[in-house]
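Undergrad: Questions regarding the structure given below will be posed in turn.
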Amino acid sequence: MSEILPVLAVPAIGCVIGYLLGYAAIYFKVDKDPRIEAIVALLPNGQCGQCGFPGCAQAAGAMVRGEAPAGACTPGGAALAKRIALLLDVVIDDSEDAGPQVAVINADLCDGCGRCQKKCNFDAIIGATRQLHGILADDCTGCAGCIEACPQHAIALHADPLLTPTAAKPRFELRESSYV
């Protein structure tokens, strides 16, 4: 009998601790606002810091609390701001909408230092050190982080050729999609 008691004590202690942890999880449960998770799912989640917050989850929480505007996410652009405003039921001013933009590297000015590639949180810049770099338009969010990092001033933002119409539509002016 003395040999069985220690063997049964370990599972009994485990059961008691399990029940206590289960009760604590129910008692100390924190309800989250489902709008925060919905906004985090919409954001690009590059943790670029362009909005002034350390991460996209913190920015989403600030948007829900009203501490940040719905258009705080620069890489997301106006389309994302409109979706977030609709989700939060707020009105945004879209009069200064420049449309989706991507970074473009001027080949004549690029010396291949690689600083822009290190600064890009979205892995949209490709190239090797001392070689000409290129930007993957599909991955570029237009956050402008690479522009600040470039000592040669070889990077500029231009209208996204994939999302910008090149033919004039009634009531809309023609946007230039050529690169410099």
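Chain lettering (A, B, ...) mirrors the order of the structure tokens, residue numbering begins at 1 for each chain separately, and ligand numbering begins at 1 in order of display.
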Find the residues around Gln101 in chain A up to 8 Å (only C-alpha atoms counted), leave out those fewer than 6 positions away in its own chain, and share them as an NGL selection string.

TA: :A and (141-142 or 157-160)

Undergrad: Take the residues from that selection and put them in a file with C-alpha atoms, as a PDB file, in the first residue's frame.

TA:
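Produced file selection-v5.pdb, reproduced below:
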```pdb
ATOM      1  CA  THR A 141       3.048  48.866 -49.824  1.00  0.00           C
ATOM      2  CA  GLY A 142       4.313  52.408 -50.400  1.00  0.00           C
ATOM      3  CA  LEU A 157       6.885  56.969 -54.830  1.00  0.00           C
ATOM      4  CA  HIS A 158       4.793  56.681 -57.992  1.00  0.00           C
ATOM      5  CA  ALA A 159       1.270  55.553 -58.742  1.00  0.00           C
ATOM      6  CA  ASP A 160       0.970  51.769 -58.664  1.00  0.00           C
TER       7      ASP A 160
END
```

Undergrad: Could you pull the residues within 12 Å of Asp89 in chain A, counting only C-alpha atoms, minus those fewer than 5 positions along the same chain, as a ChimeraX atom specification?

TA: /A:35,63-64,66,69-70,81-84

Undergrad: Would you mind exporting the chosen residues as a PDB file, in the first residue's frame, restricted to C-alpha atoms?

TA:
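Output file selection32.pdb is given in full below:
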```pdb
ATOM      1  CA  ARG A  35     -13.251  45.035 -34.072  1.00  0.00           C
ATOM      2  CA  MET A  63      -8.134  53.118 -33.935  1.00  0.00           C
ATOM      3  CA  VAL A  64     -10.931  51.367 -32.059  1.00  0.00           C
ATOM      4  CA  GLY A  66     -10.387  56.690 -31.172  1.00  0.00           C
ATOM      5  CA  PRO A  69      -7.506  58.018 -37.245  1.00  0.00           C
ATOM      6  CA  ALA A  70      -8.808  55.283 -39.528  1.00  0.00           C
ATOM      7  CA  ALA A  81      -8.607  53.529 -44.617  1.00  0.00           C
ATOM      8  CA  LYS A  82     -12.059  53.360 -46.209  1.00  0.00           C
ATOM      9  CA  ARG A  83     -12.529  49.741 -45.109  1.00  0.00           C
ATOM     10  CA  ILE A  84     -11.448  50.541 -41.557  1.00  0.00           C
TER      11      ILE A  84
END
```

Undergrad: Mind checking which residues fall within 10 Å of range 111-120 of chain A, counting only C-alpha atoms, ignoring those fewer than 2 positions away in the same chain, and posting them as a PyMOL selection string?

TA: chain A and resi 46+48+107-109+122-135+140-141+143-152+154-155

Undergrad: Generate a file of the selected residues that holds N, CA and C atoms, formatted as a compact mmCIF listing (two decimals), in the first residue's frame.

TA:
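Wrote result.txt, looks like this:
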```
# COMPACT_ATOMS: atom_id res chain seq x y z
N GLY A 46 3.11 44.56 -41.31
CA GLY A 46 4.55 44.66 -41.53
C GLY A 46 5.28 45.24 -40.35
N CYS A 48 5.77 48.24 -39.50
CA CYS A 48 6.69 49.25 -40.02
C CYS A 48 6.80 50.47 -39.13
N ALA A 107 17.62 54.05 -61.67
CA ALA A 107 18.81 53.24 -61.92
C ALA A 107 20.07 54.09 -62.05
N ASP A 108 19.95 55.34 -62.50
CA ASP A 108 21.11 56.19 -62.68
C ASP A 108 21.69 56.65 -61.34
N LEU A 109 20.87 56.73 -60.31
CA LEU A 109 21.32 57.22 -59.01
C LEU A 109 21.67 56.11 -58.03
N PHE A 122 8.76 44.69 -45.76
CA PHE A 122 7.89 43.83 -46.55
C PHE A 122 8.66 42.98 -47.56
N ASP A 123 9.98 43.01 -47.53
CA ASP A 123 10.85 42.27 -48.45
C ASP A 123 10.48 42.54 -49.90
N ALA A 124 10.22 43.79 -50.21
CA ALA A 124 9.83 44.17 -51.57
C ALA A 124 11.02 44.62 -52.41
N ILE A 125 12.19 44.76 -51.80
CA ILE A 125 13.38 45.21 -52.53
C ILE A 125 14.32 44.03 -52.70
N ILE A 126 14.74 43.84 -53.94
CA ILE A 126 15.65 42.74 -54.24
C ILE A 126 16.94 43.31 -54.82
N GLY A 127 18.01 42.57 -54.67
CA GLY A 127 19.30 42.99 -55.20
C GLY A 127 20.41 42.58 -54.26
N ALA A 128 21.62 42.75 -54.72
CA ALA A 128 22.79 42.41 -53.94
C ALA A 128 23.60 43.68 -53.69
N THR A 129 24.50 43.63 -52.73
CA THR A 129 25.34 44.77 -52.43
C THR A 129 26.19 45.13 -53.64
N ARG A 130 26.28 46.41 -53.91
CA ARG A 130 27.01 46.98 -55.05
C ARG A 130 26.41 46.60 -56.39
N GLN A 131 25.16 46.23 -56.37
CA GLN A 131 24.42 45.91 -57.59
C GLN A 131 23.16 46.76 -57.61
N LEU A 132 22.58 46.94 -58.77
CA LEU A 132 21.35 47.69 -58.90
C LEU A 132 20.22 46.94 -58.20
N HIS A 133 19.44 47.63 -57.41
CA HIS A 133 18.32 47.03 -56.70
C HIS A 133 17.04 47.23 -57.50
N GLY A 134 16.07 46.39 -57.23
CA GLY A 134 14.76 46.49 -57.86
C GLY A 134 13.67 46.35 -56.82
N ILE A 135 12.49 46.80 -57.17
CA ILE A 135 11.36 46.76 -56.24
C ILE A 135 10.27 45.87 -56.82
N CYS A 140 5.38 45.74 -52.55
CA CYS A 140 5.59 47.10 -52.03
C CYS A 140 4.26 47.68 -51.58
N THR A 141 4.26 48.25 -50.38
CA THR A 141 3.05 48.87 -49.82
C THR A 141 3.09 50.38 -49.89
N CYS A 143 5.13 52.40 -48.11
CA CYS A 143 5.30 52.95 -46.77
C CYS A 143 6.36 54.05 -46.72
N ALA A 144 7.20 54.16 -47.72
CA ALA A 144 8.23 55.19 -47.85
C ALA A 144 9.39 55.02 -46.87
N GLY A 145 9.51 53.88 -46.24
CA GLY A 145 10.63 53.63 -45.35
C GLY A 145 11.96 53.58 -46.09
N CYS A 146 11.95 53.07 -47.31
CA CYS A 146 13.16 52.97 -48.10
C CYS A 146 13.62 54.33 -48.61
N ILE A 147 12.70 55.26 -48.79
CA ILE A 147 13.05 56.58 -49.29
C ILE A 147 13.93 57.30 -48.27
N GLU A 148 13.58 57.18 -47.01
CA GLU A 148 14.36 57.81 -45.95
C GLU A 148 15.73 57.15 -45.80
N ALA A 149 15.83 55.87 -46.09
CA ALA A 149 17.08 55.15 -45.90
C ALA A 149 18.07 55.36 -47.04
N CYS A 150 17.61 55.78 -48.20
CA CYS A 150 18.48 55.92 -49.38
C CYS A 150 19.32 57.19 -49.31
N PRO A 151 20.65 57.06 -49.21
CA PRO A 151 21.49 58.26 -49.15
C PRO A 151 21.63 58.95 -50.51
N GLN A 152 21.36 58.25 -51.59
CA GLN A 152 21.50 58.80 -52.93
C GLN A 152 20.22 59.48 -53.43
N ALA A 154 17.60 58.02 -54.56
CA ALA A 154 17.30 57.34 -55.82
C ALA A 154 15.92 56.71 -55.82
N ILE A 155 15.18 56.81 -54.74
CA ILE A 155 13.88 56.16 -54.64
C ILE A 155 12.78 57.21 -54.51
```

Undergrad: Once DSSP has gone over the backbone, tell me which residues of chain A are in strand (DSSP E or B), as a PyMOL selection string.

TA: chain A and resi 101-105+125-126+134-135+155-159

Undergrad: Emit the selected residues as an mmCIF file, in the first residue's frame, including C-alpha atoms.

TA:
```cif
data_model
loop_
_atom_site.group_PDB
_atom_site.id
_atom_site.type_symbol
_atom_site.label_atom_id
_atom_site.label_comp_id
_atom_site.auth_asym_id
_atom_site.auth_seq_id
_atom_site.Cartn_x
_atom_site.Cartn_y
_atom_site.Cartn_z
ATOM 1 C CA GLN A 101 1.648 54.022 -54.633
ATOM 2 C CA VAL A 102 4.789 51.949 -54.964
ATOM 3 C CA ALA A 103 8.445 52.837 -54.651
ATOM 4 C CA VAL A 104 10.553 53.096 -57.802
ATOM 5 C CA ILE A 105 14.352 53.127 -57.945
ATOM 6 C CA ILE A 125 13.381 45.212 -52.526
ATOM 7 C CA ILE A 126 15.650 42.743 -54.242
ATOM 8 C CA GLY A 134 14.763 46.488 -57.857
ATOM 9 C CA ILE A 135 11.361 46.756 -56.241
ATOM 10 C CA ILE A 155 13.877 56.155 -54.643
ATOM 11 C CA ALA A 156 10.544 57.895 -55.178
ATOM 12 C CA LEU A 157 6.885 56.969 -54.830
ATOM 13 C CA HIS A 158 4.793 56.681 -57.992
ATOM 14 C CA ALA A 159 1.270 55.553 -58.742
#
```

Undergrad: Of the candidates A:Lys29, A:Thr74, A:Cys15, A:Gln47, which shows the shortest atom-to-atom distance to Asn121 in chain A, using only C-alpha atoms?

TA: A:Gln47

Undergrad: As a PyMOL selection string, which residues of range 15-136 of chain A does DSSP assign to helix (DSSP H, G or I)?

TA: chain A and resi 15-27+34-42+56-65+77-88+115-119

Undergrad: So what do you get for CA of Asn45 in chain A versus CA of Ile92 in chain A, distance-wise?

TA: 21.8 Å

Undergrad: Just how far from CA of Leu20 in chain A is CA of Pro34 in chain A, in Å to one decimal?

TA: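 Between CA of Pro34 in chain A and CA of Leu20 in chain A the gap is 27.8 Å.
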
Undergrad: Could you give me, as an MDAnalysis selection string, the residues within 12 Å of Glu67 in chain A, counting only C-alpha atoms and dropping anything in the same chain fewer than 4 positions from it?

TA: chainID A and resid 51:53 58:63 71:72

Undergrad: Just to confirm, what's the straight-line distance from CA of Leu88 in chain A to CA of Cys73 in chain A in Å (one decimal)?

TA: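 It comes out at 14.6 Å.
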